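J.: Sharing data.csv below, CSV, C-alpha atoms:
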```
chain,number,residue,atom,x,y,z
A,297,MET,CA,0.0,0.0,0.0
A,298,ILE,CA,1.3,3.4,-0.9
A,299,TRP,CA,0.1,5.2,2.3
A,300,PRO,CA,-0.4,2.6,5.0
A,301,GLU,CA,-1.1,5.2,7.7
A,302,LYS,CA,-4.0,6.8,5.8
A,303,LYS,CA,-7.6,5.8,5.9
A,304,PHE,CA,-9.3,5.4,2.5
A,305,GLU,CA,-12.9,5.9,1.6
A,306,ARG,CA,-14.4,3.9,-1.2
A,307,ASP,CA,-16.9,5.8,-3.3
A,308,LYS,CA,-19.0,4.1,-6.0
A,309,LYS,CA,-20.1,7.3,-7.7
A,310,PRO,CA,-16.9,7.7,-9.8
A,311,ILE,CA,-16.9,4.0,-11.0
A,312,GLU,CA,-16.6,3.1,-14.7
A,313,GLN,CA,-19.4,3.6,-17.2
A,314,ASN,CA,-22.4,1.2,-17.0
A,315,PHE,CA,-22.7,-0.4,-20.4
A,316,GLY,CA,-26.0,-2.1,-19.6
A,317,ASP,CA,-26.8,-5.0,-21.9
A,318,LEU,CA,-23.3,-4.7,-23.5
A,319,GLU,CA,-21.5,-5.6,-20.2
A,320,SER,CA,-19.5,-8.8,-20.4
A,321,GLN,CA,-20.4,-9.4,-24.1
A,322,SER,CA,-17.7,-10.6,-26.4
A,323,TYR,CA,-16.5,-7.9,-28.9
A,324,SER,CA,-18.2,-9.8,-31.8
A,325,ASN,CA,-21.6,-9.4,-30.1
A,326,ILE,CA,-21.4,-5.7,-29.7
A,327,PRO,CA,-23.2,-3.8,-32.5
A,328,ASP,CA,-21.2,-1.5,-34.7
A,329,ILE,CA,-22.5,2.1,-34.1
A,330,GLY,CA,-19.9,3.5,-36.5
A,331,PHE,CA,-17.8,6.6,-35.9
A,332,LEU,CA,-19.5,9.2,-33.7
A,333,LYS,CA,-18.2,12.7,-33.2
A,334,ASN,CA,-17.9,13.8,-29.6
A,335,ASP,CA,-21.3,15.5,-29.5
A,336,ASN,CA,-23.1,12.4,-30.6
A,337,LEU,CA,-20.9,10.0,-28.7
A,338,PHE,CA,-21.6,12.0,-25.5
A,339,LYS,CA,-25.3,11.5,-26.0
A,340,PHE,CA,-25.2,7.8,-27.1
A,341,GLU,CA,-26.7,5.5,-24.5
A,342,PRO,CA,-26.3,1.7,-24.7
A,343,LEU,CA,-29.4,-0.3,-24.0
A,344,LYS,CA,-30.1,-0.3,-20.2
A,345,GLY,CA,-26.7,1.5,-19.8
A,346,GLU,CA,-25.6,5.0,-19.3
A,347,SER,CA,-24.5,7.6,-21.8
A,348,HIS,CA,-21.2,9.5,-21.5
A,349,LYS,CA,-23.3,12.5,-20.5
A,350,GLU,CA,-24.8,10.6,-17.6
A,351,LEU,CA,-21.3,9.3,-16.6
A,352,TYR,CA,-19.9,12.9,-16.8
A,353,GLU,CA,-22.7,14.2,-14.5
A,354,ARG,CA,-22.2,11.3,-12.0
A,355,VAL,CA,-18.4,11.7,-12.0
A,356,THR,CA,-18.7,15.5,-11.8
A,357,PHE,CA,-20.8,15.2,-8.7
A,358,ALA,CA,-18.4,12.7,-7.1
A,359,ILE,CA,-15.3,14.8,-7.9
A,360,LEU,CA,-16.9,18.0,-6.5
A,361,CYS,CA,-17.8,16.2,-3.3
A,362,ILE,CA,-14.3,14.9,-2.9
A,363,ALA,CA,-12.9,18.4,-3.6
A,364,LYS,CA,-15.2,19.9,-1.0
A,365,LYS,CA,-14.2,17.3,1.6
A,366,SER,CA,-10.5,17.8,1.0
A,367,ARG,CA,-10.5,21.6,0.4
A,368,ASN,CA,-7.7,22.3,2.8
A,369,LYS,CA,-5.8,19.1,2.4
A,370,GLY,CA,-4.7,16.8,-0.4
A,371,SER,CA,-6.6,13.9,-1.8
A,372,ALA,CA,-5.9,11.1,-4.3
A,373,VAL,CA,-8.5,9.5,-6.5
A,374,ILE,CA,-7.6,6.2,-8.1
A,375,ALA,CA,-10.0,5.5,-11.0
A,376,HIS,CA,-10.4,4.2,-14.5
A,377,ALA,CA,-9.5,6.3,-17.5
A,378,LYS,CA,-13.0,7.4,-18.3
A,379,THR,CA,-13.5,8.7,-14.8
A,380,ILE,CA,-10.2,10.6,-15.1
A,381,ARG,CA,-11.3,12.0,-18.5
A,382,TYR,CA,-14.4,13.4,-17.0
A,383,ALA,CA,-12.6,14.9,-14.1
A,384,ILE,CA,-10.5,16.6,-16.7
A,385,GLY,CA,-13.7,17.5,-18.4
A,386,LEU,CA,-14.5,19.8,-15.5
A,387,THR,CA,-11.7,22.0,-16.8
A,388,LEU,CA,-12.9,22.0,-20.5
A,389,LYS,CA,-15.5,23.9,-22.4
A,390,PRO,CA,-17.3,22.1,-23.9
A,391,HIS,CA,-17.0,19.2,-21.4
A,392,ARG,CA,-17.4,16.5,-24.1
A,393,ASP,CA,-14.0,17.4,-25.4
A,394,CYS,CA,-12.6,15.3,-22.7
A,395,LEU,CA,-13.4,12.3,-25.0
A,396,ASP,CA,-10.3,13.4,-27.1
A,397,ASN,CA,-7.9,12.4,-24.3
A,398,ASN,CA,-6.3,9.1,-24.0
A,399,ILE,CA,-5.2,8.5,-20.4
A,400,LYS,CA,-2.1,6.3,-20.0
A,401,ASN,CA,-2.3,3.4,-17.6
A,402,LEU,CA,-0.8,4.4,-14.2
A,403,SER,CA,-0.6,8.0,-15.2
A,404,ILE,CA,-1.0,10.8,-12.7
A,405,THR,CA,-3.3,13.8,-13.2
A,406,ASN,CA,-2.6,16.8,-11.0
A,407,LYS,CA,-5.3,19.3,-10.3
A,408,TYR,CA,-5.3,22.7,-8.8
A,409,GLN,CA,-8.4,24.2,-7.4
A,410,GLN,CA,-9.0,27.9,-6.8
A,411,ASP,CA,-12.3,28.8,-5.3
A,412,ASP,CA,-14.9,26.8,-7.3
A,413,ASN,CA,-12.7,26.7,-10.5
A,414,PHE,CA,-10.7,23.7,-11.5
A,415,LEU,CA,-7.5,24.3,-13.4
A,416,LEU,CA,-5.6,21.4,-15.0
A,417,VAL,CA,-2.0,21.6,-14.1
A,418,ASN,CA,-0.4,18.5,-15.5
A,419,ASN,CA,-1.5,15.2,-17.0
A,420,ASP,CA,0.4,12.4,-18.6
A,421,PHE,CA,-2.0,11.9,-21.4
A,422,ASN,CA,-2.0,11.9,-25.2
A,423,LYS,CA,-4.5,13.4,-27.6
A,424,ILE,CA,-6.1,10.7,-29.6
```
Take the structure in this file and express it as structure tokens.

T.:
Amino acid sequence: MIWPEKKFERDKKPIEQNFGDLESQSYSNIPDIGFLKNDNLFKFEPLKGESHKELYERVTFAILCIAKKSRNKGSAVIAHAKTIRYAIGLTLKPHRDCLDNNIKNLSITNKYQQDDNFLLVNNDFNKI
């Protein structure tokens, strides 16, 4: 464990996207929706799953709660790439542009918060 003296909270709000009926399907069983630009991909909702927009809203709420709890101290969020993309989306206008980021495995995203504004300081990611 990285910080054995620290207590950790597990929060289910920033978990990975719910793909609904597509969960655990083999790749060959997933329908081809073709190429979607960010705006359409952001709205696309798999059957009984959640859209990127819904994921963004859920992750935004979770990140804002974490930021509020740890306002005067540091925090670390360990999450899947999409969750990190949407945390980065807090800094972007339009937010759906976070879909353009490819988060590297085990990369670190540093965030600086001033008042209620999030500013991205550094991220080890590549544009797709």

J.: Counting only C-alpha atoms, write as a ChimeraX atom specification all protein and nucleic acid residues lying at most 9 Å from (-14.4, 7.5, -11.7) in the file's frame.

T.: /A:307-313,351,354-355,358-359,373-383

J.: Could you please determine the separation between atom CA of A:Ile362 and atom CA of A:Phe338 in Å, to one decimal place?

T.: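 We find that atom CA of A:Ile362 and atom CA of A:Phe338 lie 23.9 Å from each other.
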
J.: Between atom CA of A:Phe340 and atom CA of A:Arg306, measure the distance and give it in Å to one decimal.

T.: 28.3 Å

J.: Would you mind telling me which residue in A:Glu301, A:Leu337, A:Leu332, A:Leu343 lies nearest to A:Gly316 when using only C-alpha atoms?

T.: A:Leu343

J.: Please measure the separation of atom CA of A:Ile384 and atom CA of A:Ser371, giving the value in Å to one decimal.

T.: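 Atom CA of A:Ser371 lies 15.6 Å from atom CA of A:Ile384.
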
J.: Could you check which of A:Ile326, A:Ala372, A:Cys394, A:Ile399 is closest to A:His348, using all atoms listed in the file?

T.: A:Cys394

J.: Using only C-alpha atoms for the distances, tell me which of A:Ser366, A:Asn325, A:Asn314, A:Asn334 is nearest to A:Asp393.

T.: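 The shortest atom-to-atom distance to A:Asp393 comes from A:Asn334.
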
J.: Between A:Gly370, A:Leu395, A:Lys365, A:Leu402, which one has atoms that come closest to A:Tyr352, using only C-alpha atoms?

T.: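 Among A:Gly370, A:Leu395, A:Lys365, A:Leu402, it is A:Leu395 that comes nearest to A:Tyr352.
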
J.: From the options A:Leu318, A:Lys369, A:Asn398, A:Ala363, which residue's atoms come nearest to A:Glu341, counting all atoms listed in the file?

T.: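 Between A:Leu318, A:Lys369, A:Asn398, A:Ala363, the residue approaching A:Glu341 most closely is A:Leu318.
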